[in-house]
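Here is the structure we will look at.
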Protein chains: 2
Amino acid sequence: MRLLPQPAVDDIQLTEVLHALSDPARLDVVTQLAAEFELTCSGVGESIGLHKSTMSHHYRVLRDSGVVSTRQEGRQKFMTLRKADLDQRFPGLLDAVLDAVVGATR
Amino acid sequence: MRLLPQPAVDDIQLTEVLHALSDPARLDVVTQLAAEFELTCSGVGESIGLHKSTMSHHYRVLRDSGVVSTRQEGRQKFMTLRKADLDQRFPGLLDAVLDAVVGATR
DNA sequence: CGTATAGTTGGATTGTTGTCAAACCTTCAA
DNA sequence: TTGAAGGTTTGACAACAATCCAACTATACG
């Protein structure tokens with residue numbers, strides 16, 4: 001069970017996080033993770049309808065920017081939101097974005 | 001004194017706002033506007049050190065995404081943050097981003 | 001070992017973005 | 001009416017980003 005490389009909390013950059021969240025597909029992933037706690041890549045990607053390699057690219061952007069954490073177990077990879085880390089680094093930001101996702105469609 | 005075209009509150013899109021805020025130059029503009037309330041284009045651009053046409057491009061992105069409002073008065077254009085509109089549409093988002101800008105350098 | 005599963009990587013393509021420079025438009029003032 | 005001030009627009013260009021497809025890696029299961 002190994003963890004894929006990811007930035008330390010203090011190395012998470014605001015502009016990179018905002019950029020990571022500014023893509024609809026990635027925002028969708030993040031929203032699902034916020035609701036489900038943890039998902040496999042295929043689990044989270046199914047409802048989005050993009051090619052799996054495209055999704056793999058989005059996962060990398062999310063991981064490199066510090067938004068998600070990925071843990072490999074067997075042949076699957078489980079993603080989780082780095083909620084505690086993001087809350088520590090940028091208090092209120094993630095919640096505001098998640099609220100905005102649901103709130104804006106009301 | 002005319003107002004340049006800008007999206008209505010309900011037409012402001014989360015992904016566009018996040019994208020607008022994900023560029024360092026634009027984030028800098030927004031931070032200055034949060035502190036100064038209102039500034040001319042040249043006033044806000046001076047400290048950034050980019051070409052004025054580049055800044056003009058960034059102003060447009062900020063305006064089109066609904067982050068700032070621009071009012072023309074004489075030959076100057078005054079920009080303001082659409083704070084109330086953003087707070088209404090995405091509660092807490094702008095404040096979290098502004099906090100993050102200062103907080104992350106502490 | 002052979003095969004299926006779960007993802008990643010590389011290449012190709014198409015489109016977007018950030019930047020500058022030069023030309024332009026508008027307004028104000030002499 | 002000429003000129004200057006304050007921005008915008010257009011064109012060019014390089015860098016980046018999103019997407020797909022095909023080939024690949026690694027793990028698990030018969």
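All residue names refer to the structure tokens as shown: chains lettered A, B, ... in order, residues numbered from 1 in each chain, ligands numbered from 1 in order.
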Task: Contacts of DT14 (chain C) within 12 Å, only C-alpha atoms (C1' of nucleotides), excl. fewer than 3 positions in-chain, as a list of chain:residue names - done: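 Using only C-alpha atoms (C1' of nucleotides), the neighbours found are D:DA17, D:DA18, D:DT19, D:DC20.
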Export C-alpha atoms (C1' of nucleotides) of the chosen residues as an mmCIF file, in the first residue's frame?
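Saved the output as part_12.cif:
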```cif
data_model
loop_
_atom_site.group_PDB
_atom_site.id
_atom_site.type_symbol
_atom_site.label_atom_id
_atom_site.label_comp_id
_atom_site.auth_asym_id
_atom_site.auth_seq_id
_atom_site.Cartn_x
_atom_site.Cartn_y
_atom_site.Cartn_z
ATOM 1 C "C1'" DA D 17 -4.033 22.347 -21.841
ATOM 2 C "C1'" DA D 18 -7.741 19.017 -23.020
ATOM 3 C "C1'" DT D 19 -8.799 15.255 -25.558
ATOM 4 C "C1'" DC D 20 -8.406 10.778 -27.907
#
```
Open item on the list: List the spatial neighbours of DC24 (chain C) as number ranges by chain - criterion: any atom at most 10 Å away, only C-alpha atoms (C1' of nucleotides), same-chain residues fewer than 5 positions off excluded.
Closed with: D: 8-10
Selection to disk with all heavy atoms, as a PDB file, in the first residue's frame:
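Output below, filename part.pdb:
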```
ATOM      1  P    DT D   8      -9.084  48.748 -21.140  1.00  0.00           P
ATOM      2  OP1  DT D   8     -10.437  48.421 -20.667  1.00  0.00           O
ATOM      3  OP2  DT D   8      -7.922  47.960 -20.684  1.00  0.00           O
ATOM      4  O5'  DT D   8      -9.121  48.725 -22.724  1.00  0.00           O
ATOM      5  C5'  DT D   8     -10.153  49.446 -23.390  1.00  0.00           C
ATOM      6  C4'  DT D   8     -10.145  49.119 -24.883  1.00  0.00           C
ATOM      7  O4'  DT D   8      -8.919  49.609 -25.474  1.00  0.00           O
ATOM      8  C3'  DT D   8     -10.204  47.629 -25.206  1.00  0.00           C
ATOM      9  O3'  DT D   8     -11.130  47.469 -26.268  1.00  0.00           O
ATOM     10  C2'  DT D   8      -8.771  47.288 -25.593  1.00  0.00           C
ATOM     11  C1'  DT D   8      -8.317  48.589 -26.229  1.00  0.00           C
ATOM     12  N1   DT D   8      -6.857  48.864 -26.169  1.00  0.00           N
ATOM     13  C2   DT D   8      -6.187  49.123 -27.336  1.00  0.00           C
ATOM     14  O2   DT D   8      -6.719  49.125 -28.424  1.00  0.00           O
ATOM     15  N3   DT D   8      -4.847  49.387 -27.179  1.00  0.00           N
ATOM     16  C4   DT D   8      -4.127  49.418 -25.987  1.00  0.00           C
ATOM     17  O4   DT D   8      -2.931  49.682 -25.987  1.00  0.00           O
ATOM     18  C5   DT D   8      -4.902  49.129 -24.811  1.00  0.00           C
ATOM     19  C7   DT D   8      -4.226  49.137 -23.480  1.00  0.00           C
ATOM     20  C6   DT D   8      -6.211  48.876 -24.947  1.00  0.00           C
ATOM     21  P    DT D   9     -11.582  46.031 -26.759  1.00  0.00           P
ATOM     22  OP1  DT D   9     -13.023  46.133 -27.048  1.00  0.00           O
ATOM     23  OP2  DT D   9     -11.068  45.009 -25.838  1.00  0.00           O
ATOM     24  O5'  DT D   9     -10.823  45.873 -28.165  1.00  0.00           O
ATOM     25  C5'  DT D   9     -10.752  46.974 -29.047  1.00  0.00           C
ATOM     26  C4'  DT D   9      -9.865  46.645 -30.248  1.00  0.00           C
ATOM     27  O4'  DT D   9      -8.493  46.956 -29.964  1.00  0.00           O
ATOM     28  C3'  DT D   9      -9.890  45.171 -30.671  1.00  0.00           C
ATOM     29  O3'  DT D   9     -10.031  45.130 -32.080  1.00  0.00           O
ATOM     30  C2'  DT D   9      -8.542  44.634 -30.201  1.00  0.00           C
ATOM     31  C1'  DT D   9      -7.670  45.876 -30.318  1.00  0.00           C
ATOM     32  N1   DT D   9      -6.491  45.944 -29.401  1.00  0.00           N
ATOM     33  C2   DT D   9      -5.272  46.313 -29.909  1.00  0.00           C
ATOM     34  O2   DT D   9      -5.081  46.579 -31.084  1.00  0.00           O
ATOM     35  N3   DT D   9      -4.257  46.386 -28.989  1.00  0.00           N
ATOM     36  C4   DT D   9      -4.350  46.117 -27.633  1.00  0.00           C
ATOM     37  O4   DT D   9      -3.376  46.224 -26.918  1.00  0.00           O
ATOM     38  C5   DT D   9      -5.666  45.718 -27.167  1.00  0.00           C
ATOM     39  C7   DT D   9      -5.855  45.397 -25.728  1.00  0.00           C
ATOM     40  C6   DT D   9      -6.660  45.657 -28.061  1.00  0.00           C
ATOM     41  P    DT D  10     -10.452  43.804 -32.848  1.00  0.00           P
ATOM     42  OP1  DT D  10     -11.585  44.153 -33.734  1.00  0.00           O
ATOM     43  OP2  DT D  10     -10.576  42.704 -31.878  1.00  0.00           O
ATOM     44  O5'  DT D  10      -9.176  43.483 -33.770  1.00  0.00           O
ATOM     45  C5'  DT D  10      -8.419  44.546 -34.336  1.00  0.00           C
ATOM     46  C4'  DT D  10      -7.033  44.054 -34.711  1.00  0.00           C
ATOM     47  O4'  DT D  10      -6.112  44.257 -33.620  1.00  0.00           O
ATOM     48  C3'  DT D  10      -6.955  42.561 -35.063  1.00  0.00           C
ATOM     49  O3'  DT D  10      -6.379  42.445 -36.356  1.00  0.00           O
ATOM     50  C2'  DT D  10      -6.077  41.958 -33.968  1.00  0.00           C
ATOM     51  C1'  DT D  10      -5.245  43.156 -33.546  1.00  0.00           C
ATOM     52  N1   DT D  10      -4.719  43.125 -32.149  1.00  0.00           N
ATOM     53  C2   DT D  10      -3.414  43.535 -31.924  1.00  0.00           C
ATOM     54  O2   DT D  10      -2.670  43.901 -32.801  1.00  0.00           O
ATOM     55  N3   DT D  10      -3.038  43.490 -30.610  1.00  0.00           N
ATOM     56  C4   DT D  10      -3.801  43.086 -29.537  1.00  0.00           C
ATOM     57  O4   DT D  10      -3.340  43.102 -28.405  1.00  0.00           O
ATOM     58  C5   DT D  10      -5.145  42.670 -29.847  1.00  0.00           C
ATOM     59  C7   DT D  10      -6.034  42.213 -28.739  1.00  0.00           C
ATOM     60  C6   DT D  10      -5.539  42.710 -31.121  1.00  0.00           C
TER      61       DT D  10
END
```
Task: Distance-based interface of chain C with chain A, 8 Å, counting only C-alpha atoms (C1' of nucleotides), as a count of residues only - done: 4
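If we count only C-alpha atoms (C1' of nucleotides), these residues of chain D sit within 8 Å of chain B: DA5, DG6, DG7 and DT8 of chain D.
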Open item on the list: I need the contact residues of chain B against chain A, so if you could list those with any atom within 7 Å, counting only C-alpha atoms, and return them as JSON, numbers by chain, that would help.
Closed with: {"B": [15, 16, 18, 19, 21, 22, 23, 24, 89, 90, 91, 92, 93, 96, 97, 100, 104]}
TODO: Could you give me the residues within chain B that DSSP places in strand (DSSP E or B), as a PyMOL selection string?
DONE: chain B and resi 2-3+38-40+68-73+76-81
May I have the selected residues written with all heavy atoms, as a short mmCIF file (atom, residue, chain, number, x, y, z; two decimals), in the first residue's frame?
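Final file, again-v7.cif:
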```cif
data_model
loop_
_atom_site.label_atom_id
_atom_site.label_comp_id
_atom_site.auth_asym_id
_atom_site.auth_seq_id
_atom_site.Cartn_x
_atom_site.Cartn_y
_atom_site.Cartn_z
N ARG B 2 -20.34 55.50 -18.02
CA ARG B 2 -21.03 54.26 -18.39
C ARG B 2 -20.30 53.05 -17.83
O ARG B 2 -19.09 53.06 -17.60
CB ARG B 2 -21.17 54.16 -19.91
CG ARG B 2 -19.89 53.94 -20.63
CD ARG B 2 -20.06 54.18 -22.13
NE ARG B 2 -18.75 54.12 -22.78
CZ ARG B 2 -18.22 52.98 -23.22
NH1 ARG B 2 -18.88 51.85 -23.08
NH2 ARG B 2 -17.04 52.97 -23.78
N LEU B 3 -21.12 52.00 -17.66
CA LEU B 3 -20.61 50.75 -17.11
C LEU B 3 -20.32 49.81 -18.26
O LEU B 3 -21.13 49.64 -19.16
CB LEU B 3 -21.69 50.16 -16.20
CG LEU B 3 -21.27 49.07 -15.24
CD1 LEU B 3 -20.32 49.64 -14.20
CD2 LEU B 3 -22.50 48.48 -14.56
N GLU B 38 -11.30 50.81 -5.08
CA GLU B 38 -11.48 51.16 -6.49
C GLU B 38 -10.18 51.73 -7.04
O GLU B 38 -9.51 52.51 -6.37
CB GLU B 38 -12.61 52.17 -6.60
CG GLU B 38 -12.53 53.14 -7.72
CD GLU B 38 -13.81 53.91 -7.92
OE1 GLU B 38 -14.81 53.30 -8.32
OE2 GLU B 38 -13.81 55.13 -7.68
N LEU B 39 -9.85 51.34 -8.24
CA LEU B 39 -8.59 51.80 -8.83
C LEU B 39 -8.76 51.96 -10.33
O LEU B 39 -9.61 51.32 -10.95
CB LEU B 39 -7.49 50.76 -8.57
CG LEU B 39 -6.92 50.66 -7.15
CD1 LEU B 39 -6.05 49.42 -7.01
CD2 LEU B 39 -6.10 51.91 -6.83
N THR B 40 -7.91 52.80 -10.89
CA THR B 40 -7.87 52.88 -12.35
C THR B 40 -7.02 51.73 -12.86
O THR B 40 -6.25 51.13 -12.13
CB THR B 40 -7.24 54.20 -12.82
OG1 THR B 40 -5.88 54.22 -12.36
CG2 THR B 40 -7.97 55.39 -12.28
N VAL B 68 -14.80 41.54 -11.54
CA VAL B 68 -14.72 42.98 -11.35
C VAL B 68 -15.75 43.70 -12.22
O VAL B 68 -16.26 43.16 -13.20
CB VAL B 68 -13.31 43.55 -11.68
CG1 VAL B 68 -12.24 42.80 -10.91
CG2 VAL B 68 -13.05 43.54 -13.16
N SER B 69 -16.00 44.92 -11.83
CA SER B 69 -16.90 45.79 -12.55
C SER B 69 -16.07 46.98 -13.03
O SER B 69 -15.21 47.46 -12.29
CB SER B 69 -18.00 46.25 -11.60
OG SER B 69 -19.04 46.87 -12.29
N THR B 70 -16.33 47.45 -14.24
CA THR B 70 -15.54 48.55 -14.76
C THR B 70 -16.45 49.69 -15.18
O THR B 70 -17.42 49.49 -15.91
CB THR B 70 -14.69 48.10 -15.95
OG1 THR B 70 -13.94 46.95 -15.59
CG2 THR B 70 -13.72 49.21 -16.36
N ARG B 71 -16.10 50.85 -14.73
CA ARG B 71 -16.89 52.04 -14.98
C ARG B 71 -15.99 53.05 -15.67
O ARG B 71 -14.88 53.32 -15.23
CB ARG B 71 -17.37 52.59 -13.63
CG ARG B 71 -18.03 53.92 -13.64
CD ARG B 71 -18.55 54.24 -12.25
NE ARG B 71 -17.50 54.06 -11.21
CZ ARG B 71 -16.63 55.01 -10.87
NH1 ARG B 71 -16.69 56.19 -11.43
NH2 ARG B 71 -15.73 54.77 -9.96
N GLN B 72 -16.49 53.58 -16.77
CA GLN B 72 -15.69 54.54 -17.50
C GLN B 72 -16.09 55.96 -17.10
O GLN B 72 -17.27 56.31 -17.06
CB GLN B 72 -15.89 54.38 -19.01
CG GLN B 72 -15.06 55.39 -19.80
CD GLN B 72 -14.76 54.89 -21.19
OE1 GLN B 72 -15.41 53.95 -21.66
NE2 GLN B 72 -13.81 55.50 -21.88
N GLU B 73 -15.08 56.74 -16.79
CA GLU B 73 -15.33 58.12 -16.39
C GLU B 73 -14.27 58.96 -17.06
O GLU B 73 -13.09 58.84 -16.73
CB GLU B 73 -15.26 58.23 -14.86
CG GLU B 73 -16.00 59.41 -14.30
CD GLU B 73 -16.47 59.14 -12.86
OE1 GLU B 73 -16.80 57.97 -12.56
OE2 GLU B 73 -16.50 60.06 -12.08
N GLN B 76 -10.55 57.66 -18.05
CA GLN B 76 -10.07 56.60 -17.18
C GLN B 76 -11.16 55.55 -16.98
O GLN B 76 -12.33 55.83 -17.14
CB GLN B 76 -9.68 57.12 -15.81
CG GLN B 76 -9.15 58.51 -15.78
CD GLN B 76 -8.17 58.70 -14.64
OE1 GLN B 76 -7.25 57.92 -14.47
NE2 GLN B 76 -8.40 59.72 -13.85
N LYS B 77 -10.71 54.37 -16.59
CA LYS B 77 -11.66 53.33 -16.24
C LYS B 77 -11.38 52.88 -14.82
O LYS B 77 -10.25 52.57 -14.48
CB LYS B 77 -11.54 52.17 -17.21
CG LYS B 77 -11.96 52.59 -18.59
CD LYS B 77 -12.04 51.47 -19.58
CE LYS B 77 -12.56 52.03 -20.91
NZ LYS B 77 -12.53 51.04 -21.99
N PHE B 78 -12.42 52.89 -14.03
CA PHE B 78 -12.30 52.50 -12.64
C PHE B 78 -12.82 51.09 -12.46
O PHE B 78 -13.91 50.76 -12.91
CB PHE B 78 -13.08 53.46 -11.74
CG PHE B 78 -12.50 54.85 -11.70
CD1 PHE B 78 -12.93 55.83 -12.58
CD2 PHE B 78 -11.50 55.17 -10.78
CE1 PHE B 78 -12.39 57.10 -12.54
CE2 PHE B 78 -10.97 56.44 -10.74
CZ PHE B 78 -11.40 57.40 -11.63
N MET B 79 -12.01 50.29 -11.80
CA MET B 79 -12.42 48.92 -11.53
C MET B 79 -12.76 48.78 -10.06
O MET B 79 -12.09 49.33 -9.20
CB MET B 79 -11.28 47.95 -11.83
CG MET B 79 -11.18 47.57 -13.28
SD MET B 79 -9.91 46.31 -13.49
CE MET B 79 -8.49 47.23 -12.94
N THR B 80 -13.81 47.99 -9.81
CA THR B 80 -14.13 47.60 -8.44
C THR B 80 -14.36 46.09 -8.41
O THR B 80 -14.74 45.49 -9.41
CB THR B 80 -15.41 48.28 -7.92
OG1 THR B 80 -16.47 48.04 -8.85
CG2 THR B 80 -15.23 49.77 -7.77
N LEU B 81 -14.11 45.51 -7.25
CA LEU B 81 -14.42 44.11 -7.03
C LEU B 81 -15.94 43.98 -6.92
O LEU B 81 -16.57 44.80 -6.24
CB LEU B 81 -13.81 43.64 -5.71
CG LEU B 81 -12.61 42.73 -5.73
CD1 LEU B 81 -12.32 42.26 -4.32
CD2 LEU B 81 -12.82 41.55 -6.64
#
```
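With CA of Gly49 (chain B) on one side and C1' of DT19 (chain C) on the other, the separation reads 11.9 Å.
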TODO: Could you please write out, as JSON, numbers by chain, every residue of chain A that DSSP assigns to alpha helix (DSSP H)?
DONE: {"A": [14, 15, 16, 17, 18, 19, 20, 21, 24, 25, 26, 27, 28, 29, 30, 31, 32, 33, 34, 35, 36, 41, 42, 43, 44, 45, 52, 53, 54, 55, 56, 57, 58, 59, 60, 61, 62, 63, 64, 65, 83, 84, 85, 86, 87, 88, 89, 93, 94, 95, 96, 97, 98, 99, 100, 101, 102, 103]}
- [ ] Just the residues within 12 Å of DA22 (chain D), please, counting only C-alpha atoms (C1' of nucleotides), with nothing from its chain fewer than 3 positions along; format it as a PyMOL selection string.
- [x] (chain A and resi 53) or (chain C and resi 9-12)
